[in-house]
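Next up, structure38.tsv (TSV, C-alpha atoms and all ligand atoms):
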chain	number	residue	atom	x	y	z
A	25	MET	CA	102.26	60.78	104.98
A	26	LYS	CA	99.06	62.73	104.34
A	27	PRO	CA	99.70	66.43	103.90
A	28	LEU	CA	98.36	68.82	106.48
A	29	LEU	CA	97.93	71.54	103.90
A	30	GLN	CA	97.67	71.03	100.19
A	31	VAL	CA	97.38	73.86	97.70
A	32	GLU	CA	96.26	72.85	94.23
A	33	ASP	CA	96.37	74.98	91.08
A	34	LEU	CA	95.83	78.15	93.02
A	35	THR	CA	95.40	81.24	90.84
A	36	ILE	CA	94.70	84.65	92.35
A	37	ALA	CA	94.02	87.96	90.65
A	38	PHE	CA	93.37	91.52	91.77
A	39	VAL	CA	90.77	93.70	90.15
A	40	ASP	CA	91.43	97.43	89.97
A	41	GLU	CA	89.28	99.76	87.88
A	42	ASN	CA	87.78	96.75	86.08
A	43	LYS	CA	91.20	95.55	85.06
A	44	GLN	CA	92.23	92.16	86.26
A	45	LYS	CA	95.83	91.15	86.91
A	46	VAL	CA	96.82	87.66	87.87
A	47	VAL	CA	99.41	87.79	90.63
A	48	VAL	CA	99.57	84.13	91.67
A	49	GLU	CA	99.37	81.55	88.92
A	50	ASN	CA	98.72	77.85	89.15
A	51	ILE	CA	100.74	77.17	92.22
A	52	ASN	CA	100.85	73.77	93.86
A	53	PHE	CA	102.46	72.81	97.13
A	54	SER	CA	101.87	70.74	100.19
A	55	VAL	CA	103.11	70.77	103.75
A	56	GLY	CA	103.28	67.57	105.72
A	57	PRO	CA	102.97	67.24	109.49
A	58	GLY	CA	106.15	68.51	111.15
A	59	GLU	CA	107.54	69.78	107.87
A	60	ILE	CA	109.09	73.19	107.18
A	61	LEU	CA	108.42	74.47	103.69
A	62	SER	CA	110.05	77.68	102.62
A	63	ILE	CA	108.75	79.96	99.89
A	64	VAL	CA	111.55	82.19	98.62
A	65	GLY	CA	111.48	85.06	96.14
A	66	GLU	CA	112.18	88.75	95.78
A	67	SER	CA	109.75	91.39	96.89
A	68	GLY	CA	106.61	91.61	94.76
A	69	CYS	CA	106.57	87.97	93.64
A	70	GLY	CA	103.28	86.98	95.27
A	71	LYS	CA	104.51	85.41	98.50
A	72	SER	CA	102.29	87.38	100.86
A	73	VAL	CA	99.26	87.04	98.60
A	74	THR	CA	99.78	83.28	98.72
A	75	ALA	CA	100.10	83.32	102.50
A	76	LEU	CA	97.09	85.53	103.07
A	77	SER	CA	94.91	83.44	100.78
A	78	ILE	CA	95.31	80.40	103.01
A	79	LEU	CA	93.46	82.00	105.89
A	80	GLY	CA	91.06	84.02	103.79
A	81	LEU	CA	92.75	87.31	104.61
A	82	LEU	CA	93.05	88.78	101.12
A	83	LYS	CA	91.90	92.32	100.36
A	84	PRO	CA	88.37	92.64	98.94
A	85	ASN	CA	89.66	93.32	95.42
A	86	ALA	CA	91.31	89.89	95.30
A	87	ARG	CA	89.68	87.08	93.34
A	88	ILE	CA	90.51	83.42	93.63
A	89	ILE	CA	90.28	82.47	89.97
A	90	LYS	CA	90.72	78.79	90.55
A	91	GLY	CA	92.25	76.19	92.80
A	92	LYS	CA	91.85	74.54	96.15
A	93	ILE	CA	93.42	75.05	99.53
A	94	LEU	CA	92.91	71.80	101.39
A	95	TYR	CA	93.50	71.75	105.12
A	96	GLN	CA	93.33	68.19	106.41
A	97	GLY	CA	91.44	67.40	103.23
A	98	ASN	CA	88.83	70.18	103.55
A	99	ASN	CA	88.81	73.07	101.11
A	100	LEU	CA	89.28	76.30	103.05
A	101	LEU	CA	87.96	78.23	100.05
A	102	ASP	CA	84.53	76.64	100.54
A	103	MET	CA	84.33	77.46	104.24
A	104	SER	CA	82.16	80.14	105.82
A	105	GLU	CA	83.78	82.96	107.83
A	106	LYS	CA	82.68	81.16	110.97
A	107	GLU	CA	84.29	77.89	109.97
A	108	LEU	CA	87.46	79.74	108.93
A	109	ASP	CA	87.55	81.48	112.28
A	110	ARG	CA	87.84	78.10	113.96
A	111	ILE	CA	90.85	77.27	111.80
A	112	ARG	CA	92.51	80.69	112.20
A	113	GLY	CA	94.14	80.79	115.54
A	114	ASN	CA	93.19	77.28	116.59
A	115	GLU	CA	94.83	75.28	113.85
A	116	VAL	CA	96.81	77.73	111.78
A	117	ALA	CA	98.56	80.85	113.09
A	118	MET	CA	100.29	83.60	111.18
A	119	ILE	CA	103.34	85.63	112.06
A	120	PHE	CA	103.89	88.81	110.09
A	121	GLN	CA	106.84	91.07	109.52
A	122	ASP	CA	104.97	94.06	110.79
A	123	VAL	CA	104.68	93.29	114.47
A	124	MET	CA	103.28	96.62	115.53
A	125	ASN	CA	100.28	96.14	113.30
A	126	SER	CA	99.63	92.70	114.71
A	127	LEU	CA	99.91	93.42	118.42
A	128	ASN	CA	97.36	95.64	120.06
A	129	PRO	CA	99.18	98.79	121.24
A	130	VAL	CA	96.74	99.59	124.04
A	131	LEU	CA	96.73	96.21	125.75
A	132	THR	CA	99.54	94.73	127.83
A	133	ILE	CA	101.32	91.66	126.52
A	134	GLY	CA	99.86	89.66	129.39
A	135	LYS	CA	96.31	90.69	128.58
A	136	GLN	CA	96.70	89.83	124.89
A	137	LEU	CA	98.31	86.48	125.57
A	138	THR	CA	95.93	85.33	128.30
A	139	GLU	CA	92.92	86.41	126.26
A	140	SER	CA	94.09	84.40	123.29
A	141	ILE	CA	94.88	81.39	125.47
A	142	GLY	CA	91.47	81.67	127.13
A	143	ILE	CA	89.65	81.78	123.81
A	144	HIS	CA	91.62	79.12	121.99
A	145	LEU	CA	92.51	76.65	124.70
A	146	GLY	CA	89.56	77.23	127.00
A	147	TYR	CA	91.73	77.86	130.08
A	148	ASP	CA	90.42	79.85	133.03
A	149	LYS	CA	92.19	83.03	134.09
A	150	LYS	CA	94.68	81.40	136.44
A	151	GLU	CA	95.56	78.61	134.01
A	152	ALA	CA	95.86	81.09	131.14
A	153	ASN	CA	98.21	83.19	133.25
A	154	GLU	CA	100.42	80.23	134.06
A	155	TYR	CA	100.48	79.12	130.44
A	156	ALA	CA	101.31	82.64	129.25
A	157	ILE	CA	104.31	82.70	131.59
A	158	GLU	CA	105.39	79.32	130.30
A	159	ILE	CA	105.30	80.32	126.64
A	160	ILE	CA	107.01	83.65	127.27
A	161	LYS	CA	109.87	81.62	128.74
A	162	LYS	CA	109.75	79.28	125.76
A	163	VAL	CA	110.29	82.13	123.32
A	164	GLY	CA	113.44	83.03	125.21
A	165	LEU	CA	112.30	86.08	127.13
A	166	SER	CA	113.48	86.33	130.72
A	167	ASP	CA	111.42	87.76	133.56
A	168	PRO	CA	108.05	86.79	132.05
A	169	ARG	CA	106.03	88.47	134.77
A	170	SER	CA	107.50	91.85	133.98
A	171	ILE	CA	107.03	91.26	130.21
A	172	MET	CA	103.35	90.49	130.88
A	173	ARG	CA	102.85	93.93	132.41
A	174	LYS	CA	104.43	95.76	129.47
A	175	TYR	CA	102.81	97.33	126.42
A	176	PRO	CA	104.15	96.36	122.97
A	177	HIS	CA	105.95	99.67	122.35
A	178	MET	CA	108.02	99.16	125.50
A	179	LEU	CA	109.80	96.19	123.94
A	180	SER	CA	112.61	96.06	121.39
A	181	GLY	CA	111.90	94.81	117.86
A	182	GLY	CA	113.40	91.41	118.61
A	183	MET	CA	111.39	91.07	121.83
A	184	GLN	CA	108.20	92.09	120.02
A	185	GLN	CA	108.78	89.40	117.42
A	186	ARG	CA	109.27	86.86	120.22
A	187	VAL	CA	105.98	87.99	121.70
A	188	MET	CA	104.34	87.52	118.28
A	189	ILE	CA	105.65	83.98	118.24
A	190	ALA	CA	104.31	83.46	121.75
A	191	MET	CA	100.92	84.75	120.53
A	192	ALA	CA	101.02	82.28	117.65
A	193	LEU	CA	101.89	79.45	120.05
A	194	SER	CA	99.20	80.46	122.50
A	195	CYS	CA	96.64	78.52	120.50
A	196	ASN	CA	98.77	75.45	119.99
A	197	PRO	CA	98.59	75.56	116.17
A	198	LYS	CA	99.39	72.68	113.87
A	199	LEU	CA	100.72	75.07	111.24
A	200	ILE	CA	102.45	78.43	111.50
A	201	ILE	CA	102.69	80.65	108.45
A	202	ALA	CA	105.58	83.03	109.00
A	203	ASP	CA	105.68	85.80	106.39
A	204	GLU	CA	109.14	87.43	106.48
A	205	PRO	CA	108.99	87.31	110.28
A	206	THR	CA	112.41	88.81	110.86
A	207	THR	CA	112.95	91.19	107.97
A	208	ALA	CA	112.67	94.27	110.15
A	209	LEU	CA	115.31	93.04	112.60
A	210	ASP	CA	119.07	93.17	112.46
A	211	VAL	CA	120.94	90.16	111.22
A	212	THR	CA	122.08	88.51	114.45
A	213	ILE	CA	118.62	88.82	115.97
A	214	GLN	CA	117.06	87.49	112.77
A	215	LEU	CA	119.09	84.33	113.11
A	216	GLN	CA	118.19	83.90	116.79
A	217	ILE	CA	114.49	84.26	116.05
A	218	MET	CA	114.64	81.82	113.13
A	219	LYS	CA	116.46	79.27	115.29
A	220	LEU	CA	113.84	79.77	117.97
A	221	LEU	CA	111.06	79.05	115.50
A	222	VAL	CA	112.69	75.82	114.43
A	223	ASP	CA	113.34	74.69	118.03
A	224	LEU	CA	109.72	75.36	118.88
A	225	GLN	CA	108.59	73.61	115.71
A	226	LYS	CA	110.32	70.45	116.90
A	227	GLU	CA	109.06	70.73	120.45
A	228	PHE	CA	105.46	71.47	119.50
A	229	GLN	CA	105.49	69.18	116.44
A	230	MET	CA	104.19	71.91	114.17
A	231	SER	CA	104.51	72.49	110.46
A	232	ILE	CA	105.81	75.83	109.23
A	233	ILE	CA	105.53	77.73	105.99
A	234	LEU	CA	108.47	80.08	106.13
A	235	ILE	CA	108.29	82.93	103.66
A	236	THR	CA	111.41	84.93	103.00
A	237	HIS	CA	113.24	86.90	100.34
A	238	ASP	CA	116.51	85.69	101.86
A	239	ILE	CA	117.47	82.28	100.58
A	240	GLY	CA	120.41	82.33	102.98
A	241	VAL	CA	118.23	81.61	106.02
A	242	VAL	CA	116.59	78.64	104.38
A	243	ALA	CA	119.54	76.25	104.23
A	244	GLU	CA	119.63	75.45	107.91
A	245	LEU	CA	115.95	75.68	108.60
A	246	ALA	CA	113.67	74.28	105.93
A	247	ASP	CA	113.02	70.79	104.62
A	248	ARG	CA	111.69	71.80	101.22
A	249	VAL	CA	111.98	75.03	99.24
A	250	THR	CA	109.96	76.57	96.47
A	251	ILE	CA	111.40	79.44	94.50
A	252	MET	CA	108.72	81.93	93.52
A	253	TYR	CA	109.04	84.53	90.78
A	254	ALA	CA	106.32	86.79	89.36
A	255	GLY	CA	103.49	84.68	90.73
A	256	GLN	CA	104.81	81.31	89.65
A	257	PHE	CA	106.87	78.59	91.21
A	258	MET	CA	110.11	78.34	89.24
A	259	GLU	CA	111.72	75.53	91.14
A	260	GLU	CA	110.86	73.21	93.97
A	261	ALA	CA	113.05	70.69	95.73
A	262	SER	CA	114.37	69.55	99.07
A	263	VAL	CA	116.79	72.03	100.60
A	264	TYR	CA	119.61	69.61	99.97
A	265	GLN	CA	118.78	69.16	96.28
A	266	LEU	CA	118.24	72.85	95.69
A	267	PHE	CA	121.52	73.97	97.22
A	268	ASP	CA	123.40	71.07	95.74
A	269	LYS	CA	122.18	71.50	92.19
A	270	PRO	CA	119.97	74.45	91.30
A	271	TYR	CA	118.38	74.19	87.87
A	272	HIS	CA	116.69	77.53	87.35
A	273	PRO	CA	118.81	80.60	86.54
A	274	TYR	CA	116.73	82.56	89.07
A	275	THR	CA	117.51	80.06	91.82
A	276	ASN	CA	121.15	80.17	90.84
A	277	ALA	CA	121.13	83.96	90.99
A	278	LEU	CA	119.50	83.92	94.43
A	279	LEU	CA	122.07	81.44	95.70
A	280	LYS	CA	124.87	83.63	94.36
A	281	SER	CA	123.52	86.50	96.43
A	282	ILE	CA	124.08	84.69	99.75
A	283	PRO	CA	126.91	86.28	101.70
A	284	SER	CA	129.52	83.79	102.79
A	285	ILE	CA	131.17	83.91	106.21
A	286	TYR	CA	134.46	84.21	104.35
A	287	ASP	CA	133.35	87.37	102.60
A	288	ASP	CA	135.03	90.62	103.14
A	289	LYS	CA	132.42	92.78	104.90
A	290	ASN	CA	132.66	95.42	102.20
A	291	ARG	CA	132.22	93.06	99.28
A	292	LYS	CA	129.24	93.94	97.19
A	293	LEU	CA	126.91	90.96	96.91
A	294	ALA	CA	125.99	89.65	93.51
A	295	SER	CA	122.54	91.02	93.01
A	296	ILE	CA	120.19	90.28	90.17
A	297	PRO	CA	119.98	93.17	87.70
A	298	GLY	CA	116.51	94.61	87.23
A	299	THR	CA	113.42	94.18	89.36
A	300	VAL	CA	110.24	92.12	89.42
A	301	PRO	CA	107.84	93.74	86.92
A	302	GLU	CA	104.95	95.53	88.55
A	303	ASP	CA	102.37	93.77	86.42
A	304	TYR	CA	103.70	90.46	85.24
A	305	SER	CA	100.39	88.85	84.38
A	306	ALA	CA	100.66	89.59	80.65
A	307	ILE	CA	104.04	87.90	80.21
A	308	LYS	CA	103.33	84.70	78.29
A	309	GLY	CA	106.60	82.82	78.33
A	310	CYS	CA	109.15	82.66	81.11
A	311	LYS	CA	108.49	85.57	83.44
A	312	PHE	CA	112.15	85.79	84.37
A	313	ALA	CA	113.38	85.87	80.76
A	314	ASP	CA	113.91	89.62	80.63
A	315	ARG	CA	116.40	89.44	83.47
A	316	CYS	CA	117.91	86.11	82.57
A	317	PRO	CA	121.48	85.88	81.25
A	318	TYR	CA	120.63	82.58	79.55
A	319	LYS	CA	117.66	83.84	77.55
A	320	VAL	CA	117.01	82.40	74.07
A	321	PRO	CA	113.96	82.85	71.77
A	322	LEU	CA	112.42	79.62	73.10
A	323	CYS	CA	111.99	81.33	76.50
A	324	GLU	CA	109.09	83.31	75.08
A	325	GLU	CA	107.06	80.14	74.99
A	326	ILE	CA	105.03	78.87	77.91
A	327	GLN	CA	106.85	76.44	80.11
A	328	VAL	CA	105.46	74.09	82.73
A	329	LEU	CA	107.21	72.69	85.77
A	330	SER	CA	109.00	69.52	84.89
A	331	GLU	CA	110.49	66.95	87.21
A	332	MET	CA	114.25	66.77	86.70
A	333	GLU	CA	114.96	64.33	89.47
A	334	SER	CA	112.75	62.68	92.01
A	335	ASP	CA	110.78	65.51	93.68
A	336	HIS	CA	112.90	68.23	92.09
A	337	PHE	CA	110.90	70.41	89.71
A	338	VAL	CA	111.93	73.31	87.50
A	339	ARG	CA	110.20	75.66	85.07
A	340	CYS	CA	112.84	76.46	82.47
A	341	HIS	CA	113.16	75.30	78.86
A	342	ARG	CA	116.92	75.38	78.86
A	343	ALA	CA	117.41	73.72	82.23
A	344	GLU	CA	115.03	71.00	81.16
A	345	LYS	CA	117.18	70.28	78.13
A	346	GLY	CA	120.28	70.16	80.28
A	347	GLU	CA	121.79	73.21	78.58
A	348	LEU	CA	122.64	75.15	81.71
A	349	VAL	CA	125.70	74.53	83.81
A	350	TYR	CA	126.50	76.89	86.67
A	351	GLU	CA	129.87	77.38	88.25
B	1	LIG	N1	95.42	94.73	97.22
B	1	LIG	C1	96.13	94.65	96.09
B	1	LIG	N2	95.65	95.19	94.93
B	1	LIG	C2	96.35	95.09	93.78
B	1	LIG	N3	97.53	94.47	93.67
B	1	LIG	C3	98.06	93.91	94.79
B	1	LIG	C4	97.39	93.97	96.06
B	1	LIG	N4	98.16	93.34	96.97
B	1	LIG	C5	99.26	92.89	96.31
B	1	LIG	N5	99.21	93.23	95.01
B	1	LIG	C6	100.21	92.90	93.96
B	1	LIG	O1	100.43	91.51	93.96
B	1	LIG	C7	101.78	91.22	93.66
B	1	LIG	C8	102.35	90.30	94.72
B	1	LIG	O2	102.44	91.00	95.94
B	1	LIG	P1	102.92	90.32	97.31
B	1	LIG	O3	102.26	88.99	97.47
B	1	LIG	O4	102.71	91.29	98.39
B	1	LIG	O5	104.49	90.11	97.04
B	1	LIG	P2	105.61	89.62	98.06
B	1	LIG	O6	104.99	89.24	99.35
B	1	LIG	O7	106.29	88.47	97.37
B	1	LIG	O8	106.55	90.78	98.19
B	1	LIG	C9	102.48	92.56	93.55
B	1	LIG	O9	102.59	92.89	92.18
B	1	LIG	C10	101.57	93.51	94.26
B	1	LIG	O10	101.66	94.80	93.72
B	2	MG	MG	105.37	90.01	101.26
Structure translated into structure tokens:
Amino acid sequence: MKPLLQVEDLTIAFVDENKQKVVVENINFSVGPGEILSIVGESGCGKSVTALSILGLLKPNARIIKGKILYQGNNLLDMSEKELDRIRGNEVAMIFQDVMNSLNPVLTIGKQLTESIGIHLGYDKKEANEYAIEIIKKVGLSDPRSIMRKYPHMLSGGMQQRVMIAMALSCNPKLIIADEPTTALDVTIQLQIMKLLVDLQKEFQMSIILITHDIGVVAELADRVTIMYAGQFMEEASVYQLFDKPYHPYTNALLKSIPSIYDDKNRKLASIPGTVPEDYSAIKGCKFADRCPYKVPLCEEIQVLSEMESDHFVRCHRAEKGELVYE
């Protein structure tokens, strides 16, 4: 199947006070029609920068050093603002964590939805109104007419996120990029919203790039997963392969941090000591080495992604040699 979106060798840097730091390095991934790809990694790994680059939404101090972002075979990086505008909203929609910055506080939900539907789907006012009601129902909100009259601040966090999803759906996109869409919500609501996204994905036949720091949500939802650390992809595989047999110590550590339903509520989760370095662009070898319990001198040398099994890639010298066995 031809991919809908294909990212090739993408490298992105930021320039501050004439100093350049690479924050996303040589990443490759593709998303097929109807596929859910998840990008997982701790905060500060380059997930949002990756997401924002797709729709040309990076801050002015960002530089695309190299690479291609092909949407249906056309490089988005070569497109004019006007051409990109046609893709944003019509073909690809984004859902952010920060709902209040994405919804307009001074317009009612109904106004925002019908406007978007009018622009993107070309419906007249009455049709747009009917469609808005339909999608509000689809995102699981009852009494759509009353929701339409409300302003964003009058809704709970979970309801706001559902409205964001309705906004994204209002243009009938082929791809939704969801960047930590539920991080601000409490756990039970997070799960409901994620399930909703997947149900809608099936119904509307969309593709989704689901970005999260929580590998726990991925198991039930995604088809493929890439594990991102310090601007690089460390491992990529189908969800099944990744959970069945992680190769990278970072993946293993993330998996160990998933709470189990059998856990005592007070149990402290295994967390990974240390944090993602603030500027990781100068690290030559494995960027995770400093935090890795399996580190050896070889880890200071550059490592590429290698294919361990069909469509299962890892960037780790020791995993590649078969030296790592996890309990
Ligand atoms: N506008 C910017 N200028 C300089 N550095 C930035 C900018 N935006 C993000 N960064 C840096 O890029 C790295 C990746 O950030 P980000 O993609 O937001 O991480 P994530 O979404 O995985 O938490 C971080 O080190 C962050 O400090
Ligand atoms: Mg982010």
Practice item. Could you report the residues within 9 Å of ligand MG 2 (chain B), using all atoms listed in the file, as a PyMOL selection string? Key: chain A and resi 66-73+75+121+203-204+235-237
Would you pick out the contacts of region 171-184 of chain A at 6 Å or less, using all atoms listed in the file, so that residues sharing its chain but fewer than 2 positions from it are not included, and give the list as a PDB file with C-alpha atoms, keeping the file's coordinate frame?
ATOM      1  CA  PRO A 129      99.180  98.790 121.240  1.00  0.00           C
ATOM      2  CA  THR A 132      99.540  94.730 127.830  1.00  0.00           C
ATOM      3  CA  ILE A 133     101.320  91.660 126.520  1.00  0.00           C
ATOM      4  CA  GLY A 134      99.860  89.660 129.390  1.00  0.00           C
ATOM      5  CA  PRO A 168     108.050  86.790 132.050  1.00  0.00           C
ATOM      6  CA  ARG A 169     106.030  88.470 134.770  1.00  0.00           C
ATOM      7  CA  ARG A 186     109.270  86.860 120.220  1.00  0.00           C
ATOM      8  CA  VAL A 187     105.980  87.990 121.700  1.00  0.00           C
TER       9      VAL A 187
END
Check your understanding: Out of A:Leu76, A:Ile160, A:Met218, A:Val31, which residue has the shortest atom-to-atom distance to Asn99 (chain A) when counting only C-alpha atoms?
Key ->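 For Asn99 (chain A), the nearest of the candidates is A:Val31.
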Point to revise | Nearest-residue call for ligand LIG 1 (chain B), choices A:Leu220, A:Ile296, A:Ala277, A:Val46, using only C-alpha atoms and all ligand atoms | key: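 Nearest to ligand LIG 1 (chain B): A:Val46.
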Practice item. May I have the protein, DNA and RNA residues with any atom at most 10 Å from the point (101.7, 82.9, 127.9), counting all atoms listed in the file, written as JSON, numbers by chain? Key: {"A": [133, 134, 135, 136, 137, 138, 139, 140, 141, 151, 152, 153, 154, 155, 156, 157, 158, 159, 160, 161, 162, 163, 168, 169, 172, 187, 190, 191, 193, 194, 195]}
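Note that the spacing between atom C1 of ligand LIG 1 (chain B) and CA of Asp303 (chain A) amounts to 11.5 Å.
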